[in-house]
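Asks: Here you go, this is query-v6.txt (compact mmCIF, C-alpha atoms).
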```
# COMPACT_ATOMS: atom_id res chain seq x y z
CA MET A 1 -4.08 16.32 3.77
CA GLU A 2 -6.25 19.40 4.19
CA THR A 3 -9.93 18.63 4.34
CA VAL A 4 -11.48 21.97 5.21
CA GLU A 5 -12.89 23.40 2.04
CA ASN A 6 -13.20 27.04 2.87
CA THR A 7 -10.98 29.41 0.98
CA SER A 8 -11.49 29.63 -2.71
CA ALA A 9 -7.95 30.98 -2.89
CA GLU A 10 -6.66 27.55 -1.99
CA LEU A 11 -8.97 25.91 -4.50
CA LEU A 12 -7.85 28.32 -7.21
CA ALA A 13 -4.21 27.63 -6.40
CA PHE A 14 -4.92 23.89 -6.54
CA GLU A 15 -6.63 24.19 -9.91
CA ALA A 16 -3.80 26.37 -11.20
CA ARG A 17 -1.33 23.66 -10.24
CA LEU A 18 -3.39 21.05 -12.11
CA ALA A 19 -3.57 23.31 -15.14
CA LYS A 20 0.23 23.37 -15.19
CA ASP A 21 0.20 19.55 -14.99
CA GLU A 22 1.82 19.66 -11.58
CA VAL A 23 1.71 16.52 -9.48
CA ILE A 24 -0.17 16.70 -6.17
CA GLU A 25 1.55 15.13 -3.16
CA PRO A 26 -0.14 13.80 0.02
CA LYS A 27 0.71 16.79 2.23
CA ASP A 28 -0.32 19.40 -0.35
CA TRP A 29 -3.64 21.15 -0.02
CA MET A 30 -6.41 19.38 -1.92
CA PRO A 31 -10.22 19.60 -2.04
CA ALA A 32 -11.87 17.02 0.22
CA ASP A 33 -13.69 15.51 -2.76
CA TYR A 34 -10.44 15.06 -4.65
CA ALA A 35 -9.04 13.02 -1.75
CA LYS A 36 -12.30 11.10 -1.42
CA THR A 37 -12.42 10.22 -5.12
CA LEU A 38 -8.79 9.09 -5.03
CA LEU A 39 -9.34 6.96 -1.94
CA ARG A 40 -12.32 5.26 -3.56
CA GLN A 41 -10.47 4.63 -6.80
CA ILE A 42 -7.09 3.57 -5.34
CA SER A 43 -8.56 1.27 -2.70
CA GLN A 44 -10.81 -0.33 -5.33
CA HIS A 45 -7.77 -0.80 -7.53
CA ALA A 46 -5.80 -2.34 -4.63
CA HIS A 47 -8.64 -4.71 -3.73
CA SER A 48 -8.88 -5.74 -7.40
CA GLU A 49 -5.22 -6.73 -7.48
CA VAL A 50 -5.60 -8.85 -4.37
CA ILE A 51 -8.96 -10.46 -5.26
CA GLY A 52 -7.51 -11.05 -8.75
CA MET A 53 -5.12 -13.56 -7.24
CA GLN A 54 -8.00 -15.96 -6.62
CA PRO A 55 -9.10 -17.05 -10.11
CA GLU A 56 -5.44 -17.73 -10.96
CA GLY A 57 -4.65 -19.34 -7.62
CA ASN A 58 -7.26 -21.92 -8.57
CA TRP A 59 -4.87 -23.19 -11.28
CA VAL A 60 -1.54 -23.33 -9.43
CA LEU A 61 -1.95 -27.00 -8.55
CA ARG A 62 -3.30 -27.83 -12.01
CA ALA A 63 -0.81 -26.00 -14.22
CA PRO A 64 0.11 -28.36 -17.09
CA THR A 65 3.91 -28.04 -16.73
CA TYR A 66 6.47 -27.00 -14.14
CA ARG A 67 7.35 -23.98 -16.32
CA ALA A 68 3.70 -22.91 -16.46
CA LYS A 69 3.38 -23.29 -12.70
CA LYS A 70 6.46 -21.15 -11.97
CA ILE A 71 5.18 -18.44 -14.30
CA LEU A 72 1.72 -18.51 -12.74
CA LEU A 73 3.16 -18.25 -9.24
CA ALA A 74 5.35 -15.30 -10.26
CA LYS A 75 2.34 -13.55 -11.77
CA ILE A 76 0.19 -14.11 -8.69
CA GLN A 77 3.02 -12.83 -6.49
CA ASP A 78 3.18 -9.70 -8.67
CA GLU A 79 -0.56 -9.12 -8.21
CA GLY A 80 -0.11 -9.30 -4.44
CA GLY A 81 2.76 -6.82 -4.69
CA HIS A 82 0.66 -4.49 -6.84
CA GLY A 83 -2.05 -4.57 -4.20
CA LEU A 84 0.53 -3.53 -1.62
CA TYR A 85 1.89 -0.64 -3.73
CA LEU A 86 -1.66 0.62 -4.12
CA TYR A 87 -2.63 0.22 -0.46
CA SER A 88 0.48 2.27 0.39
CA ALA A 89 -0.59 4.97 -2.07
CA ALA A 90 -4.09 5.06 -0.54
CA GLU A 91 -2.67 5.17 2.99
CA THR A 92 -0.97 8.48 2.19
CA LEU A 93 -4.50 9.95 2.12
CA GLY A 94 -4.99 9.05 5.75
CA MET A 95 -6.84 5.75 5.73
CA ASP A 96 -5.10 2.71 7.16
CA ARG A 97 -5.06 -0.68 5.53
CA ALA A 98 -7.17 -2.37 8.19
CA GLN A 99 -9.94 0.13 7.48
CA MET A 100 -9.74 -0.50 3.74
CA ILE A 101 -9.97 -4.25 4.27
CA GLU A 102 -12.88 -3.77 6.60
CA GLN A 103 -14.68 -1.71 3.95
CA LEU A 104 -14.06 -4.47 1.43
CA HIS A 105 -15.46 -7.08 3.81
CA GLN A 106 -18.51 -4.95 4.51
CA GLY A 107 -19.15 -4.46 0.80
CA LYS A 108 -18.59 -0.70 1.09
CA ALA A 109 -15.51 -0.84 -1.15
CA LYS A 110 -15.63 -2.59 -4.48
CA TYR A 111 -13.17 -4.50 -6.62
CA SER A 112 -13.20 -5.00 -10.38
CA SER A 113 -16.21 -7.08 -11.46
CA ILE A 114 -14.05 -9.09 -13.81
CA PHE A 115 -12.84 -11.25 -10.92
CA ASN A 116 -16.36 -12.48 -10.27
CA TYR A 117 -16.07 -14.66 -13.37
CA PRO A 118 -14.66 -18.18 -12.89
CA ALA A 119 -11.47 -19.55 -14.51
CA LEU A 120 -12.88 -22.82 -15.88
CA ASN A 121 -10.16 -24.31 -18.09
CA TRP A 122 -6.43 -23.79 -18.61
CA ALA A 123 -7.07 -21.47 -21.55
CA ASP A 124 -8.83 -19.16 -19.10
CA ILE A 125 -5.43 -18.48 -17.53
CA GLY A 126 -4.28 -17.47 -21.01
CA ALA A 127 -7.35 -15.31 -21.56
CA ILE A 128 -6.97 -13.63 -18.16
CA GLY A 129 -3.34 -12.67 -18.83
CA TRP A 130 -3.94 -11.61 -22.41
CA LEU A 131 -7.36 -9.93 -22.16
CA VAL A 132 -7.87 -8.98 -18.51
CA ASP A 133 -4.29 -7.85 -17.86
CA GLY A 134 -4.23 -6.41 -21.38
CA ALA A 135 -7.26 -4.24 -20.60
CA ALA A 136 -5.82 -3.32 -17.20
CA ILE A 137 -2.54 -2.25 -18.83
CA VAL A 138 -4.30 0.12 -21.26
CA ASN A 139 -6.01 1.73 -18.29
CA GLN A 140 -2.89 1.77 -16.14
CA VAL A 141 -0.62 3.22 -18.82
CA SER A 142 -3.01 6.15 -18.96
CA LEU A 143 -2.99 6.41 -15.14
CA GLN A 144 0.80 6.80 -15.07
CA ARG A 145 -0.03 10.47 -15.70
CA THR A 146 -2.67 10.75 -13.00
CA SER A 147 -2.35 13.93 -10.94
CA PHE A 148 -1.75 12.30 -7.53
CA GLY A 149 1.96 11.49 -7.10
CA PRO A 150 1.85 8.27 -5.04
CA TYR A 151 -0.78 6.77 -7.39
CA ALA A 152 1.14 7.77 -10.53
CA ARG A 153 4.39 6.29 -9.18
CA ALA A 154 2.68 3.03 -8.22
CA MET A 155 1.28 2.87 -11.78
CA VAL A 156 4.72 3.29 -13.36
CA ARG A 157 6.04 0.37 -11.35
CA ILE A 158 2.96 -1.76 -12.01
CA CYS A 159 3.02 -1.15 -15.77
CA MET A 160 6.66 -2.19 -15.90
CA GLU A 161 5.79 -5.49 -14.26
CA GLU A 162 2.49 -6.17 -16.01
CA SER A 163 3.84 -6.42 -19.52
CA PHE A 164 5.07 -9.94 -18.75
CA HIS A 165 1.57 -10.87 -17.58
CA GLN A 166 -0.02 -10.06 -20.89
CA ARG A 167 2.66 -11.82 -22.92
CA GLN A 168 2.54 -15.01 -20.87
CA GLY A 169 -1.25 -15.05 -21.32
CA TYR A 170 -0.98 -14.63 -25.08
CA GLU A 171 1.68 -17.36 -25.20
CA ILE A 172 -0.78 -19.79 -23.57
CA MET A 173 -3.40 -18.87 -26.19
CA VAL A 174 -0.87 -19.26 -29.03
CA ARG A 175 0.16 -22.70 -27.78
CA MET A 176 -3.40 -23.89 -27.41
CA MET A 177 -4.35 -22.61 -30.87
CA ARG A 178 -1.42 -24.59 -32.28
CA GLY A 179 -2.60 -27.70 -30.43
CA ASN A 180 -5.31 -30.23 -31.29
CA ALA A 181 -8.96 -29.48 -32.09
CA GLU A 182 -9.98 -29.88 -28.48
CA GLN A 183 -7.33 -27.43 -27.28
CA ARG A 184 -8.37 -24.90 -29.92
CA GLN A 185 -11.96 -25.33 -28.76
CA MET A 186 -10.90 -24.61 -25.16
CA ALA A 187 -9.08 -21.45 -26.26
CA GLN A 188 -12.09 -20.25 -28.26
CA ASP A 189 -14.38 -21.03 -25.32
CA ALA A 190 -12.20 -18.94 -23.01
CA MET A 191 -12.19 -16.12 -25.60
CA ASN A 192 -15.99 -16.28 -25.83
CA ARG A 193 -16.40 -15.98 -22.09
CA TRP A 194 -13.75 -13.35 -21.36
CA TRP A 195 -14.02 -10.95 -24.33
CA TRP A 196 -17.12 -9.03 -23.23
CA PRO A 197 -16.29 -8.88 -19.52
CA ALA A 198 -12.83 -7.54 -20.50
CA LEU A 199 -14.52 -4.74 -22.49
CA MET A 200 -16.74 -3.98 -19.49
CA MET A 201 -13.64 -3.46 -17.34
CA PHE A 202 -13.33 0.06 -18.78
CA GLY A 203 -16.62 0.98 -17.14
CA PRO A 204 -19.83 2.49 -18.54
CA HIS A 205 -19.93 4.57 -21.73
CA ASP A 206 -18.74 8.15 -21.16
CA LYS A 207 -22.26 9.52 -21.40
CA ASP A 208 -23.39 7.20 -18.56
CA SER A 209 -20.33 7.43 -16.32
CA ALA A 210 -21.07 9.13 -13.03
CA HIS A 211 -17.50 10.01 -12.11
CA THR A 212 -15.72 10.61 -15.42
CA GLN A 213 -16.26 14.33 -15.85
CA GLN A 214 -15.04 15.43 -12.43
CA SER A 215 -12.18 12.92 -12.49
CA MET A 216 -11.03 14.21 -15.87
CA LYS A 217 -11.21 17.79 -14.61
CA TRP A 218 -8.99 16.88 -11.67
CA LYS A 219 -6.73 14.85 -13.95
CA ILE A 220 -7.19 11.78 -11.78
CA LYS A 221 -8.40 10.16 -14.97
CA ARG A 222 -6.52 11.23 -18.09
CA GLN A 223 -8.58 9.52 -20.78
CA SER A 224 -12.23 8.51 -20.84
CA ASN A 225 -13.65 4.97 -20.58
CA ASP A 226 -14.66 4.85 -24.24
CA VAL A 227 -11.32 6.14 -25.52
CA LEU A 228 -9.41 3.54 -23.50
CA ARG A 229 -11.82 0.73 -24.44
CA GLN A 230 -11.45 1.53 -28.14
CA ARG A 231 -7.66 1.52 -27.81
CA PHE A 232 -7.81 -1.96 -26.26
CA ILE A 233 -10.20 -3.23 -28.98
CA ASP A 234 -7.99 -2.00 -31.80
CA LYS A 235 -4.86 -3.49 -30.24
CA THR A 236 -6.37 -6.84 -29.34
CA ILE A 237 -8.55 -7.93 -32.27
CA PRO A 238 -5.62 -8.32 -34.70
CA GLN A 239 -3.86 -10.45 -32.04
CA ALA A 240 -6.94 -12.71 -31.85
CA HIS A 241 -7.20 -13.03 -35.63
CA PHE A 242 -3.48 -13.73 -35.94
CA ILE A 243 -3.85 -16.99 -34.03
CA GLY A 244 -7.24 -17.88 -35.52
CA LEU A 245 -9.49 -16.91 -32.63
CA ASN A 246 -12.92 -15.51 -33.45
CA VAL A 247 -14.15 -12.41 -31.69
CA PRO A 248 -17.58 -13.34 -30.27
CA ASP A 249 -19.37 -10.32 -31.70
CA PRO A 250 -21.71 -10.81 -34.71
CA ASP A 251 -21.94 -7.03 -35.19
CA LEU A 252 -18.19 -6.41 -35.30
CA LYS A 253 -17.22 -4.12 -38.19
CA TYR A 254 -13.89 -2.83 -39.40
CA ASP A 255 -13.80 0.81 -40.32
CA GLU A 256 -11.21 0.96 -43.14
CA GLU A 257 -11.01 4.72 -43.10
CA ASN A 258 -10.22 5.10 -39.39
CA LYS A 259 -8.41 1.76 -39.13
CA SER A 260 -10.62 0.98 -36.17
CA TYR A 261 -13.12 -1.69 -35.10
CA GLN A 262 -16.73 -0.99 -34.27
CA ILE A 263 -18.15 -3.42 -31.73
CA GLY A 264 -21.77 -4.39 -31.12
CA GLU A 265 -23.81 -3.48 -28.04
CA ILE A 266 -22.26 -4.27 -24.67
CA ASN A 267 -24.64 -6.12 -22.35
CA TRP A 268 -24.78 -3.54 -19.57
CA ALA A 269 -27.53 -5.42 -17.76
CA GLU A 270 -25.04 -8.21 -17.12
CA PHE A 271 -22.46 -5.66 -15.95
CA GLN A 272 -24.96 -4.22 -13.43
CA GLN A 273 -25.91 -7.69 -12.21
CA VAL A 274 -22.30 -8.61 -11.51
CA ILE A 275 -21.61 -5.27 -9.79
CA CYS A 276 -24.69 -5.80 -7.62
CA GLY A 277 -23.31 -9.09 -6.36
CA ASN A 278 -25.01 -11.54 -8.68
CA GLY A 279 -21.97 -12.66 -10.66
CA PHE A 280 -20.81 -16.28 -10.67
CA CYS A 281 -18.20 -15.83 -7.94
CA ASN A 282 -19.04 -12.70 -5.92
CA HIS A 283 -19.79 -14.67 -2.79
CA ALA A 284 -16.86 -17.08 -3.17
CA ARG A 285 -14.31 -14.29 -3.71
CA LEU A 286 -15.31 -12.26 -0.69
CA SER A 287 -15.81 -15.16 1.69
CA HIS A 288 -12.42 -16.58 0.71
CA HIS A 289 -10.77 -13.23 1.40
CA LYS A 290 -12.46 -13.00 4.82
CA LYS A 291 -11.46 -16.55 5.70
CA VAL A 292 -7.80 -16.05 4.77
CA HIS A 293 -7.70 -12.74 6.63
CA ARG A 294 -9.16 -14.38 9.73
CA GLU A 295 -6.79 -17.33 9.50
CA GLY A 296 -3.82 -14.99 9.20
CA GLU A 297 -4.62 -13.18 12.40
CA TRP A 298 -2.22 -15.24 14.55
CA VAL A 299 0.62 -14.34 12.16
CA ARG A 300 -0.06 -10.63 12.61
CA GLN A 301 -0.28 -11.07 16.37
CA ALA A 302 2.96 -13.07 16.44
CA ALA A 303 4.77 -10.37 14.45
CA ALA A 304 3.53 -7.67 16.82
CA ALA A 305 4.50 -9.72 19.89
CA PHE A 306 7.95 -10.39 18.44
CA SER A 307 8.52 -6.70 17.87
CA VAL A 308 7.54 -5.87 21.47
CA LYS A 309 9.94 -8.56 22.71
CA GLN A 310 12.77 -7.21 20.54
CA LYS A 311 12.23 -3.68 21.85
CA GLN A 312 12.24 -4.97 25.43
CA LYS A 313 15.50 -6.83 24.79
CA GLN A 314 17.13 -3.67 23.44
CA GLN A 315 15.95 -1.68 26.42
CA ASP A 316 17.29 -4.31 28.84
CA LEU A 317 20.60 -4.27 27.04
CA ALA A 318 20.77 -0.47 27.21
CA THR A 319 19.98 -0.57 30.93
CA ALA A 320 22.65 -3.20 31.55
CA MET A 321 25.26 -1.12 29.67
CA ALA A 322 24.40 2.06 31.55
CA MET B 323 -13.76 -0.89 14.41
CA SER B 324 -13.05 -4.56 13.83
CA GLU B 325 -10.58 -6.85 15.58
CA ASN B 326 -7.92 -6.00 13.02
CA LYS B 327 -7.93 -2.26 13.65
CA ASN B 328 -4.80 -2.36 15.77
CA ASP B 329 -2.72 -4.76 13.77
CA GLN B 330 -1.42 -2.16 11.34
CA LEU B 331 2.33 -2.64 11.56
CA PRO B 332 4.66 0.40 11.56
CA LEU B 333 5.38 2.08 8.23
CA TRP B 334 8.87 2.13 6.67
CA GLU B 335 10.21 3.95 3.62
CA VAL B 336 12.18 1.87 1.12
CA PHE B 337 15.29 3.22 -0.64
CA ILE B 338 17.08 1.24 -3.34
CA GLN B 339 20.53 1.51 -4.87
CA LYS B 340 20.25 0.17 -8.39
CA SER B 341 23.90 -0.48 -9.10
CA ASN B 342 27.35 0.15 -7.69
CA GLY B 343 27.97 3.87 -7.37
CA ALA B 344 24.39 4.89 -8.11
CA PRO B 345 22.43 7.15 -5.71
CA ILE B 346 20.09 5.49 -3.23
CA LYS B 347 16.59 6.42 -4.30
CA HIS B 348 13.18 6.26 -2.70
CA ALA B 349 11.07 3.42 -4.11
CA GLY B 350 7.98 3.29 -1.89
CA SER B 351 6.88 2.06 1.50
CA ILE B 352 6.03 -1.13 3.35
CA HIS B 353 4.71 -2.20 6.74
CA ALA B 354 6.80 -4.32 9.09
CA SER B 355 7.05 -5.01 12.81
CA ASP B 356 10.86 -4.93 13.03
CA LYS B 357 14.04 -4.21 11.06
CA GLU B 358 14.49 -7.70 9.74
CA MET B 359 10.90 -8.02 8.55
CA ALA B 360 11.22 -4.57 6.98
CA LEU B 361 14.24 -5.68 4.94
CA GLN B 362 12.61 -8.93 3.87
CA ASN B 363 9.28 -7.32 2.94
CA ALA B 364 11.07 -4.60 0.97
CA ARG B 365 13.04 -7.26 -0.90
CA ASP B 366 9.92 -9.26 -1.73
CA ILE B 367 7.85 -6.25 -2.76
CA TYR B 368 10.36 -3.94 -4.48
CA THR B 369 13.16 -6.12 -5.83
CA ARG B 370 11.58 -9.19 -7.40
CA ARG B 371 13.44 -8.45 -10.65
CA ASN B 372 16.90 -7.49 -9.42
CA GLU B 373 15.98 -3.82 -9.16
CA GLY B 374 18.75 -3.20 -6.69
CA ARG B 375 21.87 -4.28 -4.88
CA LEU B 376 21.31 -2.40 -1.64
CA LEU B 377 18.25 -1.50 0.43
CA TRP B 378 17.83 1.20 3.05
CA LEU B 379 14.81 1.00 5.32
CA VAL B 380 13.84 4.08 7.34
CA PRO B 381 10.94 4.31 9.81
CA SER B 382 8.57 6.76 8.08
CA ASN B 383 8.08 8.79 11.24
CA ALA B 384 11.83 9.49 11.34
CA ILE B 385 11.67 11.49 8.10
CA VAL B 386 11.70 15.26 8.34
CA ALA B 387 10.30 17.09 5.32
CA THR B 388 9.52 20.55 3.98
CA VAL B 389 6.00 21.40 2.82
CA ILE B 390 5.14 22.63 -0.62
CA GLU B 391 3.23 25.69 0.70
CA ASP B 392 6.54 26.94 2.12
CA GLU B 393 8.49 26.20 -1.04
CA ALA B 394 9.01 29.84 -2.06
CA ASP B 395 9.99 31.11 1.41
CA PHE B 396 12.09 28.18 2.42
CA PHE B 397 14.25 28.05 -0.69
CA ASP B 398 14.50 31.80 -1.31
CA PRO B 399 18.10 32.13 -0.03
CA ALA B 400 19.15 30.67 -3.39
CA ASP B 401 16.99 33.03 -5.45
CA ASP B 402 19.32 36.03 -5.57
CA LYS B 403 22.66 34.28 -6.08
CA PRO B 404 23.03 33.73 -9.80
CA TYR B 405 26.83 33.98 -9.34
CA ARG B 406 26.73 30.39 -8.09
CA HIS B 407 26.21 29.26 -11.67
CA PRO B 408 28.95 29.16 -14.31
CA SER B 409 26.65 30.88 -16.84
CA PHE B 410 26.84 34.06 -14.69
CA TYR B 411 30.39 34.74 -15.81
CA GLU B 412 31.56 36.31 -19.02
CA VAL B 413 34.30 34.51 -20.85
CA PRO B 414 36.12 36.47 -23.59
CA GLU B 415 35.46 35.32 -27.14
CA GLY B 416 38.05 32.79 -28.25
CA VAL B 417 38.89 31.39 -24.83
CA THR B 418 38.28 27.63 -24.74
CA ASN B 419 38.42 24.73 -22.29
CA ILE B 420 36.95 26.69 -19.38
```
Could you render the structure from this file as structure tokens?
Replies:
Amino acid sequence: METVENTSAELLAFEARLAKDEVIEPKDWMPADYAKTLLRQISQHAHSEVIGMQPEGNWVLRAPTYRAKKILLAKIQDEGGHGLYLYSAAETLGMDRAQMIEQLHQGKAKYSSIFNYPALNWADIGAIGWLVDGAAIVNQVSLQRTSFGPYARAMVRICMEESFHQRQGYEIMVRMMRGNAEQRQMAQDAMNRWWWPALMMFGPHDKDSAHTQQSMKWKIKRQSNDVLRQRFIDKTIPQAHFIGLNVPDPDLKYDEENKSYQIGEINWAEFQQVICGNGFCNHARLSHHKKVHREGEWVRQAAAAFSVKQKQKQQDLATAMA
Amino acid sequence: MSENKNDQLPLWEVFIQKSNGAPIKHAGSIHASDKEMALQNARDIYTRRNEGRLLWLVPSNAIVATVIEDEADFFDPADDKPYRHPSFYEVPEGVTNI
């Protein structure tokens, strides 16, 4: 990675490559701000995958059936794997994983605000898969064409794996909506609590988004927050109606002509509050991550010690043979 | 830096063969302290859905690579040898199976 931003010739060549839709690789020349933006975005994405394991982990021991438990475990394992793909992609820009985790612990790096909401009933696991993963997929499908190679390749792999997440979530919602009145109430309750936070996942409106313009220019971002949010809305609302779920938006309108839904005002004050650390679970999520990281330290030390011992053994063997 | 600064395990590149006879392709990278952990981590991270039948793990620092800035110079020996391609040759009209 080249960080010295001196010659405009290099910058022009870089921009010419982007104009041709070329993919930028870690060792290619890139503007320092391009690398910085990517590091911020990829590490935030990686942290989100890992922190996202927590609301679901809460339900592993309470899953209603063995089948549901196996599925939930597989999904959580995927999220961990996705975090690892993304940490690897970020590492190619020269920051190691320990540093990224330290930034998370210090509050310098963020993760998606959505995971600061609690998973209160079993239908929440359905809503998370269907709505939260559904929103993430819309964003991630678009990012498969992001200009930085390692990020784009991680996205391709993640999208392939995530489609099961959304379906299993919808299946939970379908089953609960076909259940008794109480189960239907639980599903609607989960819908009411997750719908708006899912829409907020796409970030502020384009006109208020600090990073969108530059990111679009560099093709880190391929489509804007509002375009992606609208795509999610138009895909998801018919799925809600199909199983009898109401969309908790009194101002929702269907635009016949454009075959598109118009939603009411998003509560951005709530979004800001959660980002600033005042969500339901901000403290719990971060302190849990710190605790697990601390408790895992002996495992990391043991692995390192084992590797030193193995190397010593090989050396001894080589000496003995010589 | 914190206590965990030095516990970054060595980096390995993961290559997967999808099926019998297929080329062995790069899939991504993982961290591991030794060969066995590298194989197991690669399995758990890259082949949870039977993506492959064979894994190669290579320490990342063992890989030698070209750089894109040198692309034109490095590969130019091939630039002026169109006769290496079948389309270079003229085949008389009417001749088939060649």
Asks: For a test of reading the model, state the distance in Å between atom CA of A:Gln213 and atom CA of A:Thr37, rounded to one decimal.
Replies: 12.1 Å
Asks: B:Trp378: which residues within 7 Å, counting only C-alpha atoms, same-chain residues fewer than 3 positions away excluded, as an mmCIF file with C-alpha atoms, in the frame of the given file?
Replies:
```cif
data_model
loop_
_atom_site.group_PDB
_atom_site.id
_atom_site.type_symbol
_atom_site.label_atom_id
_atom_site.label_comp_id
_atom_site.auth_asym_id
_atom_site.auth_seq_id
_atom_site.Cartn_x
_atom_site.Cartn_y
_atom_site.Cartn_z
ATOM 1 C CA VAL B 336 12.180 1.870 1.120
ATOM 2 C CA PHE B 337 15.290 3.220 -0.640
ATOM 3 C CA ILE B 338 17.080 1.240 -3.340
#
```
Asks: Which residues of chain A are close to chain B, meaning at most 10 Å apart when you count all atoms listed in the file, and how do they look as an NGL selection string?
Replies: :A and (24-25 or 27-29 or 74 or 77-78 or 80-82 or 84-85 or 87-89 or 96-99 or 101-102 or 150 or 153-154 or 157 or 161 or 293-294 or 297 or 300-308 or 310-311)
Asks: Extract, using only C-alpha atoms, all DNA, RNA and protein residues at most 8 Å from stretch 261-270 of chain A, discarding same-chain residues fewer than 2 positions from it, and format them as a JSON list (two decimals) with C-alpha atoms, in the frame of the given file.
Replies:
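Result file selection_3.json:
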```
[["chain", "number", "residue", "atom", "x", "y", "z"],
["A", 196, "TRP", "CA", -17.12, -9.03, -23.23],
["A", 200, "MET", "CA", -16.74, -3.98, -19.49],
["A", 204, "PRO", "CA", -19.83, 2.49, -18.54],
["A", 230, "GLN", "CA", -11.45, 1.53, -28.14],
["A", 233, "ILE", "CA", -10.20, -3.23, -28.98],
["A", 234, "ASP", "CA", -7.99, -2.00, -31.80],
["A", 249, "ASP", "CA", -19.37, -10.32, -31.70],
["A", 250, "PRO", "CA", -21.71, -10.81, -34.71],
["A", 251, "ASP", "CA", -21.94, -7.03, -35.19],
["A", 252, "LEU", "CA", -18.19, -6.41, -35.30],
["A", 253, "LYS", "CA", -17.22, -4.12, -38.19],
["A", 254, "TYR", "CA", -13.89, -2.83, -39.40],
["A", 255, "ASP", "CA", -13.80, 0.81, -40.32],
["A", 259, "LYS", "CA", -8.41, 1.76, -39.13],
["A", 272, "GLN", "CA", -24.96, -4.22, -13.43],
["A", 273, "GLN", "CA", -25.91, -7.69, -12.21],
["A", 274, "VAL", "CA", -22.30, -8.61, -11.51]]
```
Asks: Record the distance separating atom CA of A:Ala35 and atom CA of A:Met201, expressed in Å with one decimal.
Replies: 23.1 Å
Asks: Show which residues sit within 12 Å of A:Glu22, as a PDB file with C-alpha atoms, keeping the file's coordinate frame. Count all atoms listed in the file, and ignore same-chain residues fewer than 2 positions away.
Replies:
```pdb
ATOM      1  CA  ALA A  13      -4.210  27.630  -6.400  1.00  0.00           C
ATOM      2  CA  PHE A  14      -4.920  23.890  -6.540  1.00  0.00           C
ATOM      3  CA  GLU A  15      -6.630  24.190  -9.910  1.00  0.00           C
ATOM      4  CA  ALA A  16      -3.800  26.370 -11.200  1.00  0.00           C
ATOM      5  CA  ARG A  17      -1.330  23.660 -10.240  1.00  0.00           C
ATOM      6  CA  LEU A  18      -3.390  21.050 -12.110  1.00  0.00           C
ATOM      7  CA  ALA A  19      -3.570  23.310 -15.140  1.00  0.00           C
ATOM      8  CA  LYS A  20       0.230  23.370 -15.190  1.00  0.00           C
ATOM      9  CA  ILE A  24      -0.170  16.700  -6.170  1.00  0.00           C
ATOM     10  CA  GLU A  25       1.550  15.130  -3.160  1.00  0.00           C
ATOM     11  CA  ASP A  28      -0.320  19.400  -0.350  1.00  0.00           C
ATOM     12  CA  ARG A 145      -0.030  10.470 -15.700  1.00  0.00           C
ATOM     13  CA  THR A 146      -2.670  10.750 -13.000  1.00  0.00           C
ATOM     14  CA  SER A 147      -2.350  13.930 -10.940  1.00  0.00           C
ATOM     15  CA  PHE A 148      -1.750  12.300  -7.530  1.00  0.00           C
ATOM     16  CA  GLY A 149       1.960  11.490  -7.100  1.00  0.00           C
ATOM     17  CA  ALA A 152       1.140   7.770 -10.530  1.00  0.00           C
ATOM     18  CA  TRP A 218      -8.990  16.880 -11.670  1.00  0.00           C
ATOM     19  CA  LYS A 219      -6.730  14.850 -13.950  1.00  0.00           C
ATOM     20  CA  ILE A 220      -7.190  11.780 -11.780  1.00  0.00           C
TER      21      ILE A 220
ATOM     22  CA  ILE B 390       5.140  22.630  -0.620  1.00  0.00           C
TER      23      ILE B 390
END
```
Asks: What is the atom CA of A:Gln223 to atom CA of A:Val138 distance in Å?
Replies: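 The value is 10.3 Å.
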Asks: Can you take the partial stretch 235-242 of chain A, add N, CA and C atoms, and return it as a short mmCIF file (atom, residue, chain, number, x, y, z; two decimals), in the coordinates of the input?
Replies:
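Output contents, as saved in selection-v1.cif:
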```cif
data_model
loop_
_atom_site.label_atom_id
_atom_site.label_comp_id
_atom_site.auth_asym_id
_atom_site.auth_seq_id
_atom_site.Cartn_x
_atom_site.Cartn_y
_atom_site.Cartn_z
N LYS A 235 -6.12 -2.76 -30.46
CA LYS A 235 -4.86 -3.49 -30.24
C LYS A 235 -5.08 -4.99 -30.25
N THR A 236 -6.20 -5.42 -29.68
CA THR A 236 -6.37 -6.84 -29.34
C THR A 236 -6.95 -7.68 -30.48
N ILE A 237 -7.89 -7.12 -31.24
CA ILE A 237 -8.55 -7.93 -32.27
C ILE A 237 -7.56 -8.51 -33.29
N PRO A 238 -6.60 -7.71 -33.77
CA PRO A 238 -5.62 -8.32 -34.70
C PRO A 238 -4.83 -9.46 -34.04
N GLN A 239 -4.58 -9.37 -32.74
CA GLN A 239 -3.86 -10.45 -32.04
C GLN A 239 -4.72 -11.72 -32.01
N ALA A 240 -6.03 -11.55 -31.84
CA ALA A 240 -6.94 -12.71 -31.85
C ALA A 240 -6.95 -13.34 -33.24
N HIS A 241 -7.13 -12.51 -34.26
CA HIS A 241 -7.20 -13.03 -35.63
C HIS A 241 -5.90 -13.71 -36.03
N PHE A 242 -4.79 -13.18 -35.56
CA PHE A 242 -3.48 -13.73 -35.94
C PHE A 242 -3.36 -15.20 -35.56
#
```
